[in-house]
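A.B. asks: So that you have it, the file is my_file-v8.json, and it contains JSON, C-alpha atoms:
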[["chain", "number", "residue", "atom", "x", "y", "z"],
["B", 1, "MET", "CA", -20.85, 17.73, 5.41],
["B", 2, "LYS", "CA", -17.91, 17.15, 3.08],
["B", 3, "MET", "CA", -18.20, 14.01, 0.97],
["B", 4, "ILE", "CA", -15.35, 11.62, 0.27],
["B", 5, "TYR", "CA", -16.17, 8.97, -2.31],
["B", 6, "ILE", "CA", -14.36, 5.66, -2.70],
["B", 7, "TYR", "CA", -14.46, 4.64, -6.36],
["B", 8, "PRO", "CA", -13.63, 0.88, -6.38],
["B", 9, "LYS", "CA", -15.18, -0.13, -9.71],
["B", 10, "LEU", "CA", -16.42, 1.30, -12.97],
["B", 11, "ALA", "CA", -19.65, 0.34, -14.74],
["B", 12, "MET", "CA", -18.93, -0.22, -18.42],
["B", 13, "GLY", "CA", -20.76, -1.33, -21.52],
["B", 14, "PHE", "CA", -24.40, -1.65, -22.48],
["B", 15, "ARG", "CA", -25.45, -3.54, -19.35],
["B", 16, "GLY", "CA", -23.26, -1.59, -16.94],
["B", 17, "PHE", "CA", -20.96, -4.50, -16.13],
["B", 18, "ALA", "CA", -18.81, -3.41, -13.17],
["B", 19, "THR", "CA", -15.08, -3.84, -13.54],
["B", 20, "GLY", "CA", -12.47, -3.39, -10.86],
["B", 21, "LEU", "CA", -10.91, -5.49, -8.13],
["B", 22, "ASP", "CA", -13.01, -5.08, -4.99],
["B", 23, "ARG", "CA", -13.75, -8.55, -3.60],
["B", 24, "GLU", "CA", -11.24, -10.56, -1.62],
["B", 25, "GLY", "CA", -10.80, -14.25, -2.37],
["B", 26, "ILE", "CA", -13.87, -16.46, -2.35],
["B", 27, "PHE", "CA", -15.44, -14.53, 0.52],
["B", 28, "LEU", "CA", -17.95, -11.73, 0.11],
["B", 29, "LYS", "CA", -15.70, -9.21, 1.86],
["B", 30, "LYS", "CA", -15.08, -6.01, -0.06],
["B", 31, "ARG", "CA", -11.84, -4.08, 0.03],
["B", 32, "SER", "CA", -13.75, -0.83, -0.36],
["B", 33, "SER", "CA", -15.86, -1.55, 2.74],
["B", 34, "ARG", "CA", -12.77, -2.26, 4.81],
["B", 35, "LEU", "CA", -11.12, 0.93, 3.48],
["B", 36, "LYS", "CA", -14.23, 2.95, 4.34],
["B", 37, "LYS", "CA", -14.16, 1.67, 7.92],
["B", 38, "SER", "CA", -10.43, 2.42, 8.24],
["B", 39, "ILE", "CA", -10.91, 5.96, 6.95],
["B", 40, "GLU", "CA", -13.90, 6.61, 9.19],
["B", 41, "ASP", "CA", -11.99, 5.36, 12.25],
["B", 42, "SER", "CA", -8.98, 7.54, 11.39],
["B", 43, "LEU", "CA", -11.18, 10.58, 10.80],
["B", 44, "LYS", "CA", -12.73, 10.12, 14.25],
["B", 45, "GLU", "CA", -9.30, 9.75, 15.85],
["B", 46, "ASN", "CA", -8.17, 12.98, 14.16],
["B", 47, "ASN", "CA", -11.35, 14.94, 15.04],
["B", 48, "LEU", "CA", -12.34, 15.33, 11.37],
["B", 49, "SER", "CA", -16.04, 14.70, 11.83],
["B", 50, "SER", "CA", -17.00, 17.11, 9.03],
["B", 51, "PHE", "CA", -16.27, 14.37, 6.46],
["B", 52, "ASN", "CA", -18.62, 11.63, 5.34],
["B", 53, "VAL", "CA", -17.27, 8.58, 3.45],
["B", 54, "GLU", "CA", -19.31, 6.69, 0.85],
["B", 55, "VAL", "CA", -18.52, 3.82, -1.52],
["B", 56, "THR", "CA", -19.80, 4.31, -5.08],
["B", 57, "HIS", "CA", -21.08, 1.65, -7.45],
["B", 58, "GLY", "CA", -19.28, 3.06, -10.48],
["B", 59, "TYR", "CA", -22.34, 4.26, -12.39],
["B", 60, "GLU", "CA", -21.47, 7.92, -11.95],
["B", 61, "SER", "CA", -18.20, 9.24, -13.27],
["B", 62, "PRO", "CA", -15.64, 10.66, -10.83],
["B", 63, "GLU", "CA", -16.18, 14.05, -12.47],
["B", 64, "ASP", "CA", -19.92, 13.90, -11.72],
["B", 65, "LEU", "CA", -19.25, 13.04, -8.09],
["B", 66, "LEU", "CA", -17.04, 16.10, -7.67],
["B", 67, "GLU", "CA", -19.55, 18.36, -9.43],
["B", 68, "ASN", "CA", -22.46, 17.22, -7.26],
["B", 69, "ASP", "CA", -21.19, 17.43, -3.70],
["B", 70, "GLY", "CA", -17.87, 15.65, -3.37],
["B", 71, "VAL", "CA", -14.62, 17.16, -2.20],
["B", 72, "LEU", "CA", -12.51, 14.06, -2.83],
["B", 73, "VAL", "CA", -12.76, 10.94, -4.97],
["B", 74, "LEU", "CA", -10.48, 8.07, -3.93],
["B", 75, "ILE", "CA", -9.85, 5.96, -7.02],
["B", 76, "SER", "CA", -8.86, 2.31, -6.92],
["B", 77, "PRO", "CA", -5.35, 1.64, -8.28],
["B", 78, "TYR", "CA", -6.88, -1.08, -10.45],
["B", 79, "LEU", "CA", -8.88, 1.49, -12.44],
["B", 80, "LYS", "CA", -5.98, 3.77, -13.38],
["B", 81, "SER", "CA", -5.77, 2.56, -16.98],
["B", 82, "LEU", "CA", -9.55, 2.71, -17.45],
["B", 83, "LEU", "CA", -9.69, 6.29, -16.19],
["B", 84, "SER", "CA", -6.68, 7.58, -18.11],
["B", 85, "HIS", "CA", -8.66, 10.67, -19.18],
["B", 86, "ILE", "CA", -8.56, 11.98, -15.60],
["B", 87, "ASP", "CA", -5.74, 14.27, -14.55],
["B", 88, "PHE", "CA", -4.94, 12.82, -11.11],
["B", 89, "SER", "CA", -2.82, 15.85, -10.26],
["B", 90, "LYS", "CA", -5.96, 18.02, -10.14],
["B", 91, "SER", "CA", -7.55, 18.77, -6.81],
["B", 92, "GLY", "CA", -10.32, 16.39, -5.87],
["B", 93, "TYR", "CA", -8.82, 13.15, -7.19],
["B", 94, "TYR", "CA", -6.62, 10.80, -5.21],
["B", 95, "LEU", "CA", -5.26, 7.67, -6.86],
["B", 96, "LEU", "CA", -4.87, 5.12, -4.10],
["B", 97, "SER", "CA", -1.82, 2.90, -3.92],
["B", 98, "GLU", "CA", -2.41, -0.85, -3.54],
["B", 99, "GLU", "CA", -1.27, -0.60, 0.06],
["B", 100, "GLU", "CA", -3.79, 2.16, 0.80],
["B", 101, "TYR", "CA", -6.59, 0.40, -1.08],
["B", 102, "ASN", "CA", -5.99, -2.75, 0.95],
["B", 103, "SER", "CA", -6.17, -0.65, 4.15],
["B", 104, "GLN", "CA", -2.65, -1.55, 5.19],
["B", 105, "ASN", "CA", -1.40, 2.03, 5.55],
["B", 106, "ILE", "CA", -3.59, 5.09, 5.06],
["B", 107, "ASP", "CA", -1.39, 7.65, 6.85],
["B", 108, "ASN", "CA", -0.62, 9.63, 3.66],
["B", 109, "LEU", "CA", -4.29, 9.65, 2.75],
["B", 110, "ILE", "CA", -5.29, 11.05, 6.15],
["B", 111, "LYS", "CA", -2.57, 13.73, 5.84],
["B", 112, "TYR", "CA", -4.03, 14.67, 2.46],
["B", 113, "ILE", "CA", -7.57, 14.83, 3.85],
["B", 114, "LYS", "CA", -6.38, 17.16, 6.63],
["B", 115, "THR", "CA", -5.34, 19.67, 3.93],
["B", 116, "LEU", "CA", -8.86, 19.87, 2.51]]
How does the structure come out when it is put into structure tokens?
C.D. replies:
Amino acid sequence: MKMIYIYPKLAMGFRGFATGLDREGIFLKKRSSRLKKSIEDSLKENNLSSFNVEVTHGYESPEDLLENDGVLVLISPYLKSLLSHIDFSKSGYYLLSEEEYNSQNIDNLIKYIKTL
């Protein structure tokens, strides 16, 4: 099974305070959960059942996720400045646009996943 990780927030500091925009409004809905469902539905439609999608909590670094068992780490656009040490042009990292992160249009993401 090929793992795709959604990286919506980053744990920082002594207490591991999570930073990143994941919740919507005053409701408990998470953007990352909606994105996960959209990706899973699109993967099923495109017969790409060899992929499993998980949402991370931000305690592991994106590099660690790729080293363990991941083939792709989808990084929230709101974490770009906090993860400036990552070369997003390298294979395995995909910096989501706001439109993709909000699950409005994930066509380019699915095309990218098909190349893996």
A.B. asks: List as a PyMOL selection string the protein and nucleic acid residues near Leu65 (chain B), meaning an atom at most 12 Å away when only C-alpha atoms are counted, but skip any in the same chain fewer than 5 places from it.
C.D. replies: chain B and resi 2-7+54-60+70-75+92-93
A.B. asks: Write the residues you've just listed into a file as a compact mmCIF listing (two decimals), in the coordinates of the input, and include C-alpha atoms for each of them.
C.D. replies:
# COMPACT_ATOMS: atom_id res chain seq x y z
CA LYS B 2 -17.91 17.15 3.08
CA MET B 3 -18.20 14.01 0.97
CA ILE B 4 -15.35 11.62 0.27
CA TYR B 5 -16.17 8.97 -2.31
CA ILE B 6 -14.36 5.66 -2.70
CA TYR B 7 -14.46 4.64 -6.36
CA GLU B 54 -19.31 6.69 0.85
CA VAL B 55 -18.52 3.82 -1.52
CA THR B 56 -19.80 4.31 -5.08
CA HIS B 57 -21.08 1.65 -7.45
CA GLY B 58 -19.28 3.06 -10.48
CA TYR B 59 -22.34 4.26 -12.39
CA GLU B 60 -21.47 7.92 -11.95
CA GLY B 70 -17.87 15.65 -3.37
CA VAL B 71 -14.62 17.16 -2.20
CA LEU B 72 -12.51 14.06 -2.83
CA VAL B 73 -12.76 10.94 -4.97
CA LEU B 74 -10.48 8.07 -3.93
CA ILE B 75 -9.85 5.96 -7.02
CA GLY B 92 -10.32 16.39 -5.87
CA TYR B 93 -8.82 13.15 -7.19
A.B. asks: Write out as a ChimeraX atom specification the residues lying within 12 Å of region 8-10 of chain B, counting all atoms listed in the file and excluding same-chain residues fewer than 3 positions away.
C.D. replies: /B:5,13,16-23,30-36,54-62,73-83,95-96,98,101-102
A.B. asks: At what distance in Å, to one decimal, does CA of Ser84 (chain B) lie from CA of Met1 (chain B)?
C.D. replies: 29.3 Å
A.B. asks: Within 10 Å of Leu109 (chain B), counting all atoms listed in the file, which residues qualify if same-chain residues fewer than 2 places away don't, as JSON, numbers by chain?
C.D. replies: {"B": [39, 74, 94, 95, 96, 97, 100, 105, 106, 107, 111, 112, 113, 114]}
A.B. asks: Work out how far CA of Lys90 (chain B) is from CA of Leu66 (chain B), in Å to one decimal.
C.D. replies: 11.5 Å
A.B. asks: Between B:Gln104, B:Ser89, B:Thr115, B:Asn52, which residue has the minimum interatomic distance to Glu40 (chain B), considering all atoms listed in the file?
C.D. replies: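 Using all atoms listed in the file, Glu40 (chain B) sits closest to B:Asn52.
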A.B. asks: Mind pulling up the distance from CA of Ile110 (chain B) to CA of Asn46 (chain B)?
C.D. replies: 8.7 Å
